[in-house]
Amino acid sequence: MSLKNARGINTGGEQMRTEQQIMDLVLTVAEQDKRIRAVGMNGSRTNPNVPKDIFQDFDIVYLVTEMYSFLNDLNWVDIFGERIIMQTPENMSMFPPELGDRFSYLMLFTDGNRIDLTLIPIEEKDEYGKKDKLTIILMDKDNILLEVPPPTDEDYWVKQPSVEFFADCCNEFWWVSTYVAKGLWRKEILYAAEHLNNVVRPMLFKMLEWKVGIETDYSVSIGRSGKYLEKYLPEEEWQEVLSTFPNGSYESIWKALFGMCDLFHSTAIFVADNLDFNYSYEEDKKVNAYLKRVERLSPDGSEIY
């Protein structure tokens, strides 16, 4: 397939290009560009444990002989099709670059496909081959890449916590829950919601993750943001998780907070019992009492106790 034909593959949004069409395009571009010496793929499309769907990204890597000519012409990626939007994180002032000498193009196309393309200097070929166990090599023009074993998501499996990590998770959950209560009493709903969702909830999800790990012998991943949790929790427990998402009222955030406390309590005890850890029932009891006290406190109260 020529690059001219590649440009013409379904970019008007009328029909979504197939996986094979995208892969043919990615490889044709690489084959015809002397600067690109190897092609790899990572992410969910290489993970045998992730079901395929139409929203999966194509996480593609081009290992290149030099970067300047690519970076000097951002429009070279037009070859992949008409875009709805593109982000180049390493070019953004708001977010500090995290990839070193690498450069990425996150592209959403008008046909619904998304390609996350990363350019990596060929000098980093060995590091690339070792870093991610979900890597597969699609092209190696010079046969210089390290041999890559079959892809596995084992690096993302739940890990058993240390006793110190467990204790820190518990302490962080109960400590920051008091911030939520303070924000609710002050009628600072955004402050309360931020602490509920950005600190307290991640600690709850971490505890639920460890529970899943215990029950599966640490052989699965719950995914980013706990997106696979539903697969591993009983229906009743899953409904408890869903009930911790408030609707934007003060009353619903109080309800969500106490729901989190109940679920964290039962889950942490399960984890502690199975790992022979100590759980601080005293801390749990005292903070719960404090939260209930603040909930009942009058808006013009001059003393907490």
# chains A, B, ... in the order shown; residues from 1 in each chain; ligands from 1
>>> residues_around(residues="Glu237 (chain A)", least_positions_apart="5", cutoff="10 Å", atoms="only C-alpha atoms", output="PyMOL selection string")
chain A and resi 230+232+242-243+263+267
>>> residues_around(residues="Ile84 (chain A)", least_positions_apart="3", cutoff="9 Å", atoms="only C-alpha atoms", output="short mmCIF file (atom, residue, chain, number, x, y, z; two decimals) with N, CA and C atoms, in the first residue's frame")
data_model
loop_
_atom_site.label_atom_id
_atom_site.label_comp_id
_atom_site.auth_asym_id
_atom_site.auth_seq_id
_atom_site.Cartn_x
_atom_site.Cartn_y
_atom_site.Cartn_z
N MET A 107 -3.51 11.01 19.11
CA MET A 107 -4.35 11.42 18.00
C MET A 107 -5.68 10.69 18.00
N LEU A 108 -6.77 11.47 17.98
CA LEU A 108 -8.12 10.93 17.83
C LEU A 108 -8.62 11.33 16.45
N PHE A 109 -9.00 10.32 15.65
CA PHE A 109 -9.34 10.56 14.26
C PHE A 109 -10.85 10.66 14.06
N THR A 110 -11.23 11.22 12.91
CA THR A 110 -12.65 11.44 12.63
C THR A 110 -13.42 10.14 12.43
N ASP A 111 -12.72 9.04 12.22
CA ASP A 111 -13.43 7.76 12.09
C ASP A 111 -13.57 7.05 13.44
N GLY A 112 -13.09 7.69 14.53
CA GLY A 112 -13.23 7.11 15.87
C GLY A 112 -12.01 6.39 16.37
#
>>> atom_distance(atom1="CA of Val158 (chain A)", atom2="CA of Val271 (chain A)")
13.2 Å
>>> residues_around(residues="Leu190 (chain A)", least_positions_apart="4", cutoff="12 Å", atoms="only C-alpha atoms", output="ChimeraX atom specification")
/A:179-180,182-184,186,194-198,248-250,253
>>> write_last_selection(atoms="N, CA and C atoms", output="PDB file, in the first residue's frame")
ATOM      1  N   TYR A 179     -10.965  15.884  56.897  1.00  0.00           N
ATOM      2  CA  TYR A 179     -10.961  17.065  56.039  1.00  0.00           C
ATOM      3  C   TYR A 179     -12.298  17.182  55.312  1.00  0.00           C
ATOM      4  N   VAL A 180     -12.824  16.040  54.874  1.00  0.00           N
ATOM      5  CA  VAL A 180     -14.120  16.047  54.186  1.00  0.00           C
ATOM      6  C   VAL A 180     -15.194  16.591  55.121  1.00  0.00           C
ATOM      7  N   LYS A 182     -14.831  18.523  57.752  1.00  0.00           N
ATOM      8  CA  LYS A 182     -14.593  19.947  57.987  1.00  0.00           C
ATOM      9  C   LYS A 182     -15.128  20.783  56.833  1.00  0.00           C
ATOM     10  N   GLY A 183     -14.850  20.343  55.609  1.00  0.00           N
ATOM     11  CA  GLY A 183     -15.332  21.072  54.448  1.00  0.00           C
ATOM     12  C   GLY A 183     -16.842  21.100  54.359  1.00  0.00           C
ATOM     13  N   LEU A 184     -17.486  19.999  54.739  1.00  0.00           N
ATOM     14  CA  LEU A 184     -18.944  19.949  54.700  1.00  0.00           C
ATOM     15  C   LEU A 184     -19.551  20.886  55.742  1.00  0.00           C
ATOM     16  N   ARG A 186     -18.228  23.575  56.945  1.00  0.00           N
ATOM     17  CA  ARG A 186     -17.971  24.959  56.528  1.00  0.00           C
ATOM     18  C   ARG A 186     -18.774  25.365  55.291  1.00  0.00           C
ATOM     19  N   GLU A 194     -13.304  17.354  46.760  1.00  0.00           N
ATOM     20  CA  GLU A 194     -11.952  17.082  46.287  1.00  0.00           C
ATOM     21  C   GLU A 194     -11.244  16.073  47.196  1.00  0.00           C
ATOM     22  N   HIS A 195     -11.326  16.272  48.495  1.00  0.00           N
ATOM     23  CA  HIS A 195     -10.665  15.347  49.419  1.00  0.00           C
ATOM     24  C   HIS A 195     -11.333  13.973  49.426  1.00  0.00           C
ATOM     25  N   LEU A 196     -12.645  13.962  49.265  1.00  0.00           N
ATOM     26  CA  LEU A 196     -13.357  12.686  49.205  1.00  0.00           C
ATOM     27  C   LEU A 196     -12.904  11.868  48.002  1.00  0.00           C
ATOM     28  N   ASN A 197     -12.863  12.509  46.843  1.00  0.00           N
ATOM     29  CA  ASN A 197     -12.614  11.774  45.603  1.00  0.00           C
ATOM     30  C   ASN A 197     -11.143  11.610  45.266  1.00  0.00           C
ATOM     31  N   ASN A 198     -10.303  12.551  45.682  1.00  0.00           N
ATOM     32  CA  ASN A 198      -8.901  12.508  45.280  1.00  0.00           C
ATOM     33  C   ASN A 198      -7.971  11.877  46.302  1.00  0.00           C
ATOM     34  N   GLY A 248     -23.786  15.609  44.369  1.00  0.00           N
ATOM     35  CA  GLY A 248     -23.481  17.034  44.366  1.00  0.00           C
ATOM     36  C   GLY A 248     -24.107  17.814  45.502  1.00  0.00           C
ATOM     37  N   SER A 249     -24.896  17.168  46.342  1.00  0.00           N
ATOM     38  CA  SER A 249     -25.474  17.852  47.496  1.00  0.00           C
ATOM     39  C   SER A 249     -24.656  17.547  48.745  1.00  0.00           C
ATOM     40  N   TYR A 250     -24.784  18.418  49.749  1.00  0.00           N
ATOM     41  CA  TYR A 250     -24.077  18.179  51.008  1.00  0.00           C
ATOM     42  C   TYR A 250     -24.530  16.875  51.640  1.00  0.00           C
ATOM     43  N   ILE A 253     -22.927  13.862  49.975  1.00  0.00           N
ATOM     44  CA  ILE A 253     -21.500  13.693  50.281  1.00  0.00           C
ATOM     45  C   ILE A 253     -21.324  13.115  51.680  1.00  0.00           C
TER      46      ILE A 253
END
>>> closest_residue(among="A:Asp73, A:Glu127, A:Asp57, A:Glu154", to="Arg114 (chain A)", atoms="only C-alpha atoms")
A:Asp57
>>> residues_around(residues="region 33-37 of chain A", least_positions_apart="6", cutoff="8 Å", atoms="only C-alpha atoms", output="tab-separated table (two decimals) with C-alpha atoms, in the first residue's frame")
chain	number	residue	atom	x	y	z
A	62	TYR	CA	8.59	4.21	16.21
A	63	LEU	CA	12.29	3.84	16.98
A	64	VAL	CA	14.00	6.45	14.84
A	65	THR	CA	17.52	7.43	13.80
A	66	GLU	CA	16.96	11.11	14.59
A	122	ILE	CA	17.13	4.30	18.34
A	139	MET	CA	9.06	-4.47	12.62
A	140	ASP	CA	12.83	-4.53	13.05
A	141	LYS	CA	14.53	-3.50	9.81
A	142	ASP	CA	18.06	-4.06	11.10
>>> closest_residue(among="A:Thr244, A:Thr18, A:Leu25, A:Ile304", to="Ala289 (chain A)", atoms="only C-alpha atoms")
A:Ile304
>>> closest_residue(among="A:Ser225, A:Ser162, A:Asn113, A:Ser252", to="Ile189 (chain A)", atoms="only C-alpha atoms")
A:Ser252
>>> residues_around(residues="Arg201 (chain A)", least_positions_apart="3", cutoff="12 Å", atoms="only C-alpha atoms", output="JSON, numbers by chain")
{"A": [169, 170, 172, 173, 174, 176, 177, 180, 193, 194, 195, 196, 197, 198, 204, 205, 206, 207, 208, 225, 226, 241, 242, 244, 245, 246, 256, 257, 258, 259, 260, 261, 263, 264]}
>>> select_by_dssp(residues="region 29-186 of chain A", states="alpha helix (DSSP H)", output="JSON, numbers by chain")
{"A": [29, 30, 31, 68, 69, 70, 71, 125, 126, 127, 128, 129, 130, 131, 163, 164, 165, 166, 167, 168, 169, 170, 171, 172, 173, 174, 175, 176, 177, 178, 179, 180, 181, 182, 183, 184, 185]}
>>> write_last_selection(atoms="C-alpha atoms", output="PDB file, in the first residue's frame")
ATOM      1  CA  VAL A  29       4.525   4.514   6.968  1.00  0.00           C
ATOM      2  CA  ALA A  30       7.416   2.892   8.840  1.00  0.00           C
ATOM      3  CA  GLU A  31       8.493   0.749   5.903  1.00  0.00           C
ATOM      4  CA  TYR A  68      14.753  16.741  14.752  1.00  0.00           C
ATOM      5  CA  SER A  69      13.152  16.378  11.333  1.00  0.00           C
ATOM      6  CA  PHE A  70      10.011  14.851  12.870  1.00  0.00           C
ATOM      7  CA  LEU A  71       9.703  17.514  15.558  1.00  0.00           C
ATOM      8  CA  LYS A 125      16.279   0.439  21.850  1.00  0.00           C
ATOM      9  CA  ASP A 126      17.502  -1.842  24.644  1.00  0.00           C
ATOM     10  CA  GLU A 127      15.723   0.149  27.342  1.00  0.00           C
ATOM     11  CA  TYR A 128      12.503   0.087  25.327  1.00  0.00           C
ATOM     12  CA  GLY A 129      12.614  -3.679  24.920  1.00  0.00           C
ATOM     13  CA  LYS A 130      13.020  -4.261  28.656  1.00  0.00           C
ATOM     14  CA  LYS A 131      10.686  -1.693  30.198  1.00  0.00           C
ATOM     15  CA  VAL A 163       2.585  -4.138  56.984  1.00  0.00           C
ATOM     16  CA  GLU A 164       3.828  -0.537  56.819  1.00  0.00           C
ATOM     17  CA  PHE A 165       2.002   0.175  53.562  1.00  0.00           C
ATOM     18  CA  PHE A 166      -1.219  -1.251  54.961  1.00  0.00           C
ATOM     19  CA  ALA A 167      -0.931   0.887  58.087  1.00  0.00           C
ATOM     20  CA  ASP A 168      -0.221   4.013  56.016  1.00  0.00           C
ATOM     21  CA  CYS A 169      -3.263   3.377  53.825  1.00  0.00           C
ATOM     22  CA  CYS A 170      -5.503   3.073  56.879  1.00  0.00           C
ATOM     23  CA  ASN A 171      -4.059   6.169  58.492  1.00  0.00           C
ATOM     24  CA  GLU A 172      -4.407   8.236  55.331  1.00  0.00           C
ATOM     25  CA  PHE A 173      -8.017   7.151  54.837  1.00  0.00           C
ATOM     26  CA  TRP A 174      -9.110   8.067  58.352  1.00  0.00           C
ATOM     27  CA  TRP A 175      -6.994  11.218  58.581  1.00  0.00           C
ATOM     28  CA  VAL A 176      -8.246  12.789  55.344  1.00  0.00           C
ATOM     29  CA  SER A 177     -11.864  11.797  56.027  1.00  0.00           C
ATOM     30  CA  THR A 178     -11.779  14.486  58.734  1.00  0.00           C
ATOM     31  CA  TYR A 179     -10.961  17.065  56.039  1.00  0.00           C
ATOM     32  CA  VAL A 180     -14.120  16.047  54.186  1.00  0.00           C
ATOM     33  CA  ALA A 181     -16.193  16.558  57.337  1.00  0.00           C
ATOM     34  CA  LYS A 182     -14.593  19.947  57.987  1.00  0.00           C
ATOM     35  CA  GLY A 183     -15.332  21.072  54.448  1.00  0.00           C
ATOM     36  CA  LEU A 184     -18.944  19.949  54.700  1.00  0.00           C
ATOM     37  CA  TRP A 185     -19.513  21.799  57.982  1.00  0.00           C
TER      38      TRP A 185
END
>>> atom_distance(atom1="CA of Thr88 (chain A)", atom2="CA of Leu74 (chain A)")
9.4 Å
>>> closest_residue(among="A:Trp254, A:Phe58, A:Tyr228, A:Tyr156", to="Glu295 (chain A)", atoms="only C-alpha atoms")
A:Trp254
>>> select_by_dssp(residues="region 12-213 of chain A", states="strand (DSSP E or B)", output="PyMOL selection string")
chain A and resi 36-42+58-64+83-87+103-109+114-121+136-140
>>> closest_atom_pairs(of="region 153-272 of chain A", to="region 50-54 of chain A", cutoff="12 Å", atoms="only C-alpha atoms", output="JSON lines")
{"residue": "A:Asp153", "atom": "CA", "partner": "A:Val50", "partner_atom": "CA", "distance": 9.5}
{"residue": "A:Val220", "atom": "CA", "partner": "A:Val50", "partner_atom": "CA", "distance": 11.1}
{"residue": "A:Ser221", "atom": "CA", "partner": "A:Val50", "partner_atom": "CA", "distance": 10.2}
{"residue": "A:Ile222", "atom": "CA", "partner": "A:Val50", "partner_atom": "CA", "distance": 11.1}
{"residue": "A:Gly223", "atom": "CA", "partner": "A:Val50", "partner_atom": "CA", "distance": 9.8}
{"residue": "A:Lys227", "atom": "CA", "partner": "A:Val50", "partner_atom": "CA", "distance": 11.6}
{"residue": "A:Tyr228", "atom": "CA", "partner": "A:Val50", "partner_atom": "CA", "distance": 9.9}
>>> write_last_selection(atoms="C-alpha atoms", output="CSV table (one decimal), in the first residue's frame")
chain,number,residue,atom,x,y,z
A,153,ASP,CA,0.3,-8.0,32.2
A,220,VAL,CA,-4.9,-10.2,38.2
A,221,SER,CA,-5.0,-6.4,37.6
A,222,ILE,CA,-7.9,-4.2,38.6
A,223,GLY,CA,-7.0,-1.7,35.9
A,227,LYS,CA,-12.0,-0.1,36.2
A,228,TYR,CA,-12.1,-4.0,36.5
>>> residues_around(residues="Ile115 (chain A)", least_positions_apart="4", cutoff="12 Å", atoms="only C-alpha atoms", output="PyMOL selection string")
chain A and resi 19+22-23+25-26+41-43+45+55-61+77+80-87+104-111
>>> closest_residue(among="A:Ser302, A:Glu236, A:Asp284, A:Val212", to="Phe270 (chain A)", atoms="only C-alpha atoms")
A:Val212
>>> decode(residues="region 273-305 of chain A", atoms="C-alpha atoms", output="PDB file, in the first residue's frame")
ATOM      1  CA  ASP A 273      -7.046 -10.958  59.058  1.00  0.00           C
ATOM      2  CA  ASN A 274      -5.759 -12.673  55.913  1.00  0.00           C
ATOM      3  CA  LEU A 275      -2.301 -11.119  56.058  1.00  0.00           C
ATOM      4  CA  ASP A 276      -1.944 -11.338  59.835  1.00  0.00           C
ATOM      5  CA  PHE A 277      -1.710  -7.551  60.167  1.00  0.00           C
ATOM      6  CA  ASN A 278      -2.975  -5.429  63.026  1.00  0.00           C
ATOM      7  CA  TYR A 279      -5.906  -3.149  62.273  1.00  0.00           C
ATOM      8  CA  SER A 280      -6.366  -0.029  64.394  1.00  0.00           C
ATOM      9  CA  TYR A 281      -9.930  -0.492  65.611  1.00  0.00           C
ATOM     10  CA  GLU A 282      -9.371   2.365  68.045  1.00  0.00           C
ATOM     11  CA  GLU A 283      -8.464   4.830  65.296  1.00  0.00           C
ATOM     12  CA  ASP A 284     -11.435   3.639  63.235  1.00  0.00           C
ATOM     13  CA  LYS A 285     -13.831   4.039  66.161  1.00  0.00           C
ATOM     14  CA  LYS A 286     -12.590   7.463  67.238  1.00  0.00           C
ATOM     15  CA  VAL A 287     -12.618   8.965  63.743  1.00  0.00           C
ATOM     16  CA  ASN A 288     -16.086   7.605  63.018  1.00  0.00           C
ATOM     17  CA  ALA A 289     -17.344   9.194  66.229  1.00  0.00           C
ATOM     18  CA  TYR A 290     -15.679  12.478  65.277  1.00  0.00           C
ATOM     19  CA  LEU A 291     -17.273  12.473  61.819  1.00  0.00           C
ATOM     20  CA  LYS A 292     -20.720  11.862  63.270  1.00  0.00           C
ATOM     21  CA  ARG A 293     -20.141  14.629  65.807  1.00  0.00           C
ATOM     22  CA  VAL A 294     -19.247  17.105  63.049  1.00  0.00           C
ATOM     23  CA  GLU A 295     -22.269  16.040  60.995  1.00  0.00           C
ATOM     24  CA  ARG A 296     -24.554  16.912  63.941  1.00  0.00           C
ATOM     25  CA  LEU A 297     -22.737  20.143  64.789  1.00  0.00           C
ATOM     26  CA  SER A 298     -24.838  23.265  64.348  1.00  0.00           C
ATOM     27  CA  PRO A 299     -23.740  25.711  61.607  1.00  0.00           C
ATOM     28  CA  ASP A 300     -22.872  28.335  64.212  1.00  0.00           C
ATOM     29  CA  GLY A 301     -21.273  25.940  66.678  1.00  0.00           C
ATOM     30  CA  SER A 302     -18.435  27.430  68.725  1.00  0.00           C
ATOM     31  CA  GLU A 303     -17.062  24.099  70.037  1.00  0.00           C
ATOM     32  CA  ILE A 304     -16.726  20.685  68.438  1.00  0.00           C
ATOM     33  CA  TYR A 305     -17.096  18.873  71.748  1.00  0.00           C
TER      34      TYR A 305
END
